Amino acid sequence: MWASWTWKAATASPAGTGDRVRRAPGGRALLAVLLSVAAALGSGVARGASLTATLDRSIIRIGEAAKLSLQFENCQPAEAPNLPDVPNLQFTYSGQGSSFRLENGRQTALQTLYYFVMASQPGDYTIPAFAVPIGTDRLSTSPLTLKVLKSNERLPDEDLQTQAAFLKLVVPKTEAYVGEVVPVDIQLYVVSGEGLQLEPLTGEGFTFGKLQQLPQRQVQVGNRTFALVALRTTAVANKTGELQLGPAECRLNLRVPTGRRRPRGVFDDMFGDMFAPTYELRPTRLASDPVRMTVRPLPAEGRPEGFTGTVGEYAMQVSVGPTNVAVGEPITLKLRVAGKGALDGIRLPPLPAWPGFASYPPTSQVETTDPLGIEGSKTFEFDVVPQTNSVTAVPALGFSFFNPVRKVYERLTHPATPIIVRPAGAAMALPPIAANTPAGTPVMRDIVPLKQRLGTLSVIGPPLHRSTRFLAVQMIPLILFAAAWGWRRRLDHLARNPRVVRRRAVARLIRESQAELRRAAAAGDADGFCALALRLLQERIGERLDQPAAAITDAVVEEQLRPRGVPEEVLSPLRELFLACNEQRYAPGSARLDLAVLTTQLESVLRQLNKLSF
Amino acid sequence: MVFASSKDPVLRLTPRRRSVAGLGLIGVWLACWLLGGNAKAAGSFEALFDQANQAYERGQFTNAIAGYQELLDAGRQSAAVHYNLGNAYFRAGKTGRAICHYRLAERLAPRDPDVQANLRFARGTVGAAVAPVPVWRRMLPRLSLVQWTWLTAACWWCFLGLLTALVCLPERRIVLRRGLFAALIALLLASAGLGLRWRDEHARPAAVVVQPDSILRHGPLDESPSLQTLPDGQELTVLDEKDDWLQVSGASRGIGWLRRDRVARVDP
């Protein structure tokens, strides 16, 4: 299945019932006012502006009217269009419409002017191209044809008017050459429906290309308006003779109006028609008439040598490089065939055995520029290797194809390309090097001479950054940083814990005072000994109790140390030490002190106090 | 031996100055430790270099090549040695080996215009395609691997020095933090440059075809179908190795296998 759509045909076309007179003056006046306003808002041809003129049908009978549409894309006419004078044809302005279209993120503004076209005499008419001023520029239409039959004559598609949908297979020509690309349109005309599923197109002896969906539009067939859903593909005949193309087939659900239901109650009577569907979906299978194609063989007359069966319209580009090589070095040939036709089927003739060259099979690449894949280019790239330095040029290249439009064979050629081939390994007598040289660099004819200074010698070895020595040295700042960080943390810790600092200071004081204490004891300096001993006791006990040292007296022993559970073996000598120091302090010489015993006692007490924790 | 007396001003330095002097001595020792031995026998290398230059000027390119190669075999290299060796190879008609040594010279002296000119000239004579350097890579400073390494190390020391100062001098943290941020950015950029340079030189080893008509094959066998014939001087990237074969990319027809003896690795 190819595609599925849902669509709905327009129920009415913009119709005007004004006087069917030639260039109705009232309508033109209104149109002129509207267009003047539009022109005042914007002048000049916008980017992507275009004008399209279409007729809703190509055949009418006397007394019937065809509808001419002038569609302005991304622009507005500066004034009412001047329609051409066609004998026996009358144009009547019937209205206008505007809309926006969004395709692939691109917005297009559309303004359409409608005219009725009527004829007074049967015959074949051509509405010539005419130009419409757009700002300071002018846009032109394409010529249109209209066939007018007598009033009692039968229309070709008249049988189809009575159908709700029909399928047509349209080809621009029924005679083609084998290998020629023929566009094929599959057109579905339907009044209203949904769920379209198109069967793959069939045709023995044909190869079909990509499928392109064309914009849906409204068309008039006889007196009935259909939605036209069109798809375009390509067919390439692979064999000659009378071949049948199609039929094209599809399935869809037609919307068929239903009859009015019998009312069953008051609500049914009131709302039944409002909510109940007025149509039903009827599954339908449609098939078009097949198309007979006459496929002719390519003419034998004038067939060039090396023709590989390529059919189409092409041009050729060739590039050769490098053109200065040594023997044995490859030269790349790029041959680009661009144009319209079956690009995938383009084949090059095998390269002839060029004397002095070895060649390799080419690689190819196709690039298309249209949705159907029949316009674009195919690039062949292959290497040739000069085997001797006597070669002076890459020989001429040629490509032949059959042009189905001109119905002749055509041959494209590229002249021989001069090259320079040096002996293998030779580097002498070098030409100027211009290629691969940055812009602004002077063209060199030889290498730059030697350097005369040795420069800084380095040891060949592993890279510096992987050397163990180098990496070891890089650890030094890391170690320094780690040390600084530890030092900073220690400082911060001490700043947060002043008791630790005091404890350390007291310990240091006691440690440093021990020698002085012993010296005073040895010298019999009782005053100095007792003053120092009292200070050490105050500092130690004050640090333990977290109190100022000056606040520590002998009363602390009973008031604070005993309640805290300090053992008697500590309190007793402590009391004695306080007593001795106080006596010496307040009544010097009243008691004879044994300083050596006091020293031992003091050291013992200080040690035991240090072990206490409160 | 003369010992300094106690009245020597050095011995009367303050502790702070003594620390600075000690650090200076350690720095000198580290420099000697790192660079030790480089000055050794420099004179003999100079003589060898001059002899090779003379042979080149006389047109004795084979002798010149042998002279320069002797320097390299002694485990020493410089941009001038590789450059002159490249010139000698080029004059001897060995374009592939010339390109190989020009590229080695370019690694050691990436901003040397002579090296750039001769490398470009040699590549022009080969005519083989060379992978274009992206624009952003051309905007990076053209430094050798050693220069990138020293730059990265300097940024590393600077960054950690500022970090240490920030720890020791918190009262100056506003100024130090700005410097620290700048040093961090510089360190990251220098590290990226070092990484890219190392990747170019070591992670993606390069090779140059040094034999004419070297056949690139689909597989690492003599029986494998031929993919392409490579000219002398074609530059390649080594992807894999197997026995006597190297898998390489860079040829116009894609990846293939080449005999090891047909190429020279761009490696001193």
# chains A, B, ... in the order shown; residues from 1 in each chain; ligands from 1
$ residues_around --residues "segment 449-460 of chain A" --least-positions-apart "5" --cutoff "10 Å" --atoms "only C-alpha atoms" --output "ChimeraX atom specification"
/B:35,37-39,42,45-50,53,56-57,71-81,83-88,108,114,118,267-268
$ residues_around --residues "segment 292-294 of chain A" --least-positions-apart "3" --cutoff "9 Å" --atoms "only C-alpha atoms" --output "PyMOL selection string"
chain A and resi 173-177+240-246
$ closest_residue --among "B:Lys242, B:Arg177, B:Arg253, B:His101" --to "chain A" --atoms "only C-alpha atoms"
B:Arg253
$ closest_residue --among "B:Ser191, B:Ser249, B:Thr152, B:Thr95" --to "Gly124 of chain B" --atoms "only C-alpha atoms"
B:Thr95
$ closest_residue --among "B:Phe181, B:Phe90, B:Tyr68, B:Trp136" --to "chain A" --atoms "only C-alpha atoms"
B:Phe90
$ select_by_dssp --residues "segment 127-175 of chain A" --states "alpha helix (DSSP H)" --output "VMD selection string"
chain A and resid 158 to 161
$ atom_distance --atom1 "atom CA of Gly398 of chain A" --atom2 "atom CA of Trp354 of chain A"
13.7 Å
$ atom_distance --atom1 "atom CA of Val171 of chain A" --atom2 "atom CA of Pro247 of chain A"
12.3 Å
$ closest_residue --among "B:Leu143, B:Leu227, B:Ala182, B:Val135" --to "chain A" --atoms "only C-alpha atoms"
B:Leu227
$ select_by_dssp --residues "segment 12-210 of chain B" --states "strand (DSSP E)" --output "PyMOL selection string"
chain B and resi 76-77+206-209
$ closest_residue --among "B:Arg137, B:Ala190, B:Gly93, B:Ser252" --to "chain A" --atoms "only C-alpha atoms"
B:Gly93
$ closest_residue --among "A:Pro563, A:Gly123, A:Pro200, A:Gly486" --to "chain B" --atoms "only C-alpha atoms"
A:Gly486
$ residues_around --residues "Arg262 of chain B" --least-positions-apart "5" --cutoff "12 Å" --atoms "only C-alpha atoms" --output "list of chain:residue names"
B:Gly96, B:Arg97, B:Ala207, B:Val208, B:Val209, B:Val210, B:Gln211, B:Pro212, B:Asp213, B:Ser214, B:Ile215, B:Leu216, B:Thr229, B:Leu230, B:Pro231, B:Asp232, B:Gly233, B:Gln234, B:Glu235, B:Leu236, B:Asp244, B:Trp245, B:Leu246, B:Val248, B:Trp257
$ residues_around --residues "segment 531-538 of chain A" --least-positions-apart "2" --cutoff "8 Å" --atoms "only C-alpha atoms" --output "ChimeraX atom specification"
/A:509-510,513,517,527-529,540-542,549-553,578,581,585,602,606
$ write_last_selection --atoms "N, CA and C atoms" --output "mmCIF file, in the first residue's frame"
data_model
loop_
_atom_site.group_PDB
_atom_site.id
_atom_site.type_symbol
_atom_site.label_atom_id
_atom_site.label_comp_id
_atom_site.auth_asym_id
_atom_site.auth_seq_id
_atom_site.Cartn_x
_atom_site.Cartn_y
_atom_site.Cartn_z
ATOM 1 N N LEU A 509 55.547 24.676 80.816
ATOM 2 C CA LEU A 509 56.043 25.465 81.960
ATOM 3 C C LEU A 509 56.625 24.537 83.031
ATOM 4 N N ILE A 510 55.898 23.474 83.313
ATOM 5 C CA ILE A 510 56.366 22.530 84.349
ATOM 6 C C ILE A 510 57.682 21.880 83.907
ATOM 7 N N SER A 513 60.438 24.341 84.171
ATOM 8 C CA SER A 513 60.704 24.856 85.530
ATOM 9 C C SER A 513 61.375 23.822 86.445
ATOM 10 N N LEU A 517 63.684 24.489 89.673
ATOM 11 C CA LEU A 517 63.194 24.031 90.978
ATOM 12 C C LEU A 517 64.298 23.262 91.721
ATOM 13 N N ASP A 527 62.637 30.665 99.533
ATOM 14 C CA ASP A 527 61.668 31.628 98.988
ATOM 15 C C ASP A 527 61.408 31.372 97.504
ATOM 16 N N GLY A 528 62.509 31.292 96.814
ATOM 17 C CA GLY A 528 62.366 31.054 95.357
ATOM 18 C C GLY A 528 61.700 29.723 95.073
ATOM 19 N N PHE A 529 62.091 28.693 95.806
ATOM 20 C CA PHE A 529 61.511 27.363 95.609
ATOM 21 C C PHE A 529 60.005 27.389 95.848
ATOM 22 N N ARG A 540 48.804 24.132 87.374
ATOM 23 C CA ARG A 540 48.331 22.772 87.084
ATOM 24 C C ARG A 540 46.872 22.585 87.514
ATOM 25 N N ILE A 541 46.582 23.002 88.791
ATOM 26 C CA ILE A 541 45.221 22.810 89.302
ATOM 27 C C ILE A 541 44.242 23.711 88.527
ATOM 28 N N GLY A 542 44.650 24.980 88.259
ATOM 29 C CA GLY A 542 43.780 25.879 87.482
ATOM 30 C C GLY A 542 43.477 25.310 86.101
ATOM 31 N N ALA A 549 44.595 30.688 87.235
ATOM 32 C CA ALA A 549 45.616 30.183 88.164
ATOM 33 C C ALA A 549 45.619 31.007 89.461
ATOM 34 N N ALA A 550 45.358 32.309 89.358
ATOM 35 C CA ALA A 550 45.414 33.180 90.536
ATOM 36 C C ALA A 550 44.315 32.854 91.534
ATOM 37 N N ALA A 551 43.254 32.184 91.037
ATOM 38 C CA ALA A 551 42.126 31.874 91.924
ATOM 39 C C ALA A 551 42.367 30.602 92.738
ATOM 40 N N ILE A 552 43.481 29.928 92.524
ATOM 41 C CA ILE A 552 43.740 28.643 93.195
ATOM 42 C C ILE A 552 44.465 28.917 94.522
ATOM 43 N N THR A 553 43.831 28.513 95.599
ATOM 44 C CA THR A 553 44.456 28.616 96.936
ATOM 45 C C THR A 553 44.342 27.260 97.618
ATOM 46 N N PHE A 578 50.867 23.129 99.976
ATOM 47 C CA PHE A 578 50.274 24.462 100.119
ATOM 48 C C PHE A 578 50.650 25.082 101.464
ATOM 49 N N CYS A 581 54.329 26.161 101.521
ATOM 50 C CA CYS A 581 54.554 27.346 100.688
ATOM 51 C C CYS A 581 53.959 28.594 101.341
ATOM 52 N N ARG A 585 55.841 31.819 102.678
ATOM 53 C CA ARG A 585 55.464 33.085 102.054
ATOM 54 C C ARG A 585 55.104 34.155 103.098
ATOM 55 N N LEU A 602 56.457 17.439 95.282
ATOM 56 C CA LEU A 602 55.819 18.309 94.287
ATOM 57 C C LEU A 602 55.745 17.627 92.915
ATOM 58 N N LEU A 606 52.293 16.809 91.006
ATOM 59 C CA LEU A 606 52.024 17.351 89.662
ATOM 60 C C LEU A 606 51.725 16.223 88.666
#
$ atom_distance --atom1 "atom CA of Pro205 of chain B" --atom2 "atom CA of Glu223 of chain B"
26.2 Å
$ residues_around --residues "segment 596-600 of chain A" --least-positions-apart "6" --cutoff "8 Å" --atoms "only C-alpha atoms" --output "PDB file with N, CA and C atoms, in the first residue's frame"
ATOM      1  N   LEU A 517      63.684  24.489  89.673  1.00  0.00           N
ATOM      2  CA  LEU A 517      63.194  24.031  90.978  1.00  0.00           C
ATOM      3  C   LEU A 517      64.298  23.262  91.721  1.00  0.00           C
ATOM      4  N   ARG A 518      64.948  22.386  90.969  1.00  0.00           N
ATOM      5  CA  ARG A 518      66.010  21.584  91.585  1.00  0.00           C
ATOM      6  C   ARG A 518      67.192  22.481  91.988  1.00  0.00           C
ATOM      7  N   ALA A 521      66.306  24.187  95.144  1.00  0.00           N
ATOM      8  CA  ALA A 521      66.357  23.246  96.276  1.00  0.00           C
ATOM      9  C   ALA A 521      67.803  22.977  96.692  1.00  0.00           C
ATOM     10  N   ALA A 522      68.633  22.818  95.682  1.00  0.00           N
ATOM     11  CA  ALA A 522      70.042  22.533  95.970  1.00  0.00           C
ATOM     12  C   ALA A 522      70.711  23.733  96.636  1.00  0.00           C
ATOM     13  N   LEU A 577      51.974  20.659 100.791  1.00  0.00           N
ATOM     14  CA  LEU A 577      52.752  21.558  99.935  1.00  0.00           C
ATOM     15  C   LEU A 577      52.211  22.986 100.023  1.00  0.00           C
TER      16      LEU A 577
END
$ decode --residues "segment 541-559 of chain A" --atoms "N, CA and C atoms" --output "PDB file, in the first residue's frame"
ATOM      1  N   ILE A 541      46.582  23.002  88.791  1.00  0.00           N
ATOM      2  CA  ILE A 541      45.221  22.810  89.302  1.00  0.00           C
ATOM      3  C   ILE A 541      44.242  23.711  88.527  1.00  0.00           C
ATOM      4  N   GLY A 542      44.650  24.980  88.259  1.00  0.00           N
ATOM      5  CA  GLY A 542      43.780  25.879  87.482  1.00  0.00           C
ATOM      6  C   GLY A 542      43.477  25.310  86.101  1.00  0.00           C
ATOM      7  N   GLU A 543      44.493  24.719  85.483  1.00  0.00           N
ATOM      8  CA  GLU A 543      44.255  24.114  84.137  1.00  0.00           C
ATOM      9  C   GLU A 543      43.308  22.918  84.255  1.00  0.00           C
ATOM     10  N   ARG A 544      43.498  22.122  85.346  1.00  0.00           N
ATOM     11  CA  ARG A 544      42.637  20.949  85.509  1.00  0.00           C
ATOM     12  C   ARG A 544      41.186  21.366  85.774  1.00  0.00           C
ATOM     13  N   LEU A 545      41.032  22.411  86.585  1.00  0.00           N
ATOM     14  CA  LEU A 545      39.671  22.835  86.953  1.00  0.00           C
ATOM     15  C   LEU A 545      39.116  23.885  86.000  1.00  0.00           C
ATOM     16  N   ASP A 546      39.897  24.289  84.999  1.00  0.00           N
ATOM     17  CA  ASP A 546      39.502  25.318  84.027  1.00  0.00           C
ATOM     18  C   ASP A 546      39.155  26.621  84.754  1.00  0.00           C
ATOM     19  N   GLN A 547      40.064  27.014  85.656  1.00  0.00           N
ATOM     20  CA  GLN A 547      39.904  28.268  86.398  1.00  0.00           C
ATOM     21  C   GLN A 547      41.198  29.057  86.297  1.00  0.00           C
ATOM     22  N   PRO A 548      41.107  30.371  86.538  1.00  0.00           N
ATOM     23  CA  PRO A 548      42.359  31.141  86.496  1.00  0.00           C
ATOM     24  C   PRO A 548      43.335  30.647  87.566  1.00  0.00           C
ATOM     25  N   ALA A 549      44.595  30.688  87.235  1.00  0.00           N
ATOM     26  CA  ALA A 549      45.616  30.183  88.164  1.00  0.00           C
ATOM     27  C   ALA A 549      45.619  31.007  89.461  1.00  0.00           C
ATOM     28  N   ALA A 550      45.358  32.309  89.358  1.00  0.00           N
ATOM     29  CA  ALA A 550      45.414  33.180  90.536  1.00  0.00           C
ATOM     30  C   ALA A 550      44.315  32.854  91.534  1.00  0.00           C
ATOM     31  N   ALA A 551      43.254  32.184  91.037  1.00  0.00           N
ATOM     32  CA  ALA A 551      42.126  31.874  91.924  1.00  0.00           C
ATOM     33  C   ALA A 551      42.367  30.602  92.738  1.00  0.00           C
ATOM     34  N   ILE A 552      43.481  29.928  92.524  1.00  0.00           N
ATOM     35  CA  ILE A 552      43.740  28.643  93.195  1.00  0.00           C
ATOM     36  C   ILE A 552      44.465  28.917  94.522  1.00  0.00           C
ATOM     37  N   THR A 553      43.831  28.513  95.599  1.00  0.00           N
ATOM     38  CA  THR A 553      44.456  28.616  96.936  1.00  0.00           C
ATOM     39  C   THR A 553      44.342  27.260  97.618  1.00  0.00           C
ATOM     40  N   ASP A 554      44.827  27.175  98.839  1.00  0.00           N
ATOM     41  CA  ASP A 554      44.752  25.890  99.557  1.00  0.00           C
ATOM     42  C   ASP A 554      43.302  25.490  99.842  1.00  0.00           C
ATOM     43  N   ALA A 555      42.376  26.481  99.817  1.00  0.00           N
ATOM     44  CA  ALA A 555      40.975  26.146 100.055  1.00  0.00           C
ATOM     45  C   ALA A 555      40.390  25.290  98.939  1.00  0.00           C
ATOM     46  N   VAL A 556      40.981  25.361  97.772  1.00  0.00           N
ATOM     47  CA  VAL A 556      40.484  24.579  96.627  1.00  0.00           C
ATOM     48  C   VAL A 556      40.541  23.091  96.939  1.00  0.00           C
ATOM     49  N   VAL A 557      41.514  22.703  97.765  1.00  0.00           N
ATOM     50  CA  VAL A 557      41.699  21.273  98.035  1.00  0.00           C
ATOM     51  C   VAL A 557      40.432  20.675  98.638  1.00  0.00           C
ATOM     52  N   GLU A 558      39.912  21.372  99.630  1.00  0.00           N
ATOM     53  CA  GLU A 558      38.733  20.826 100.302  1.00  0.00           C
ATOM     54  C   GLU A 558      37.443  21.163  99.543  1.00  0.00           C
ATOM     55  N   GLU A 559      37.429  22.348  98.957  1.00  0.00           N
ATOM     56  CA  GLU A 559      36.166  22.807  98.369  1.00  0.00           C
ATOM     57  C   GLU A 559      35.907  22.220  96.976  1.00  0.00           C
TER      58      GLU A 559
END
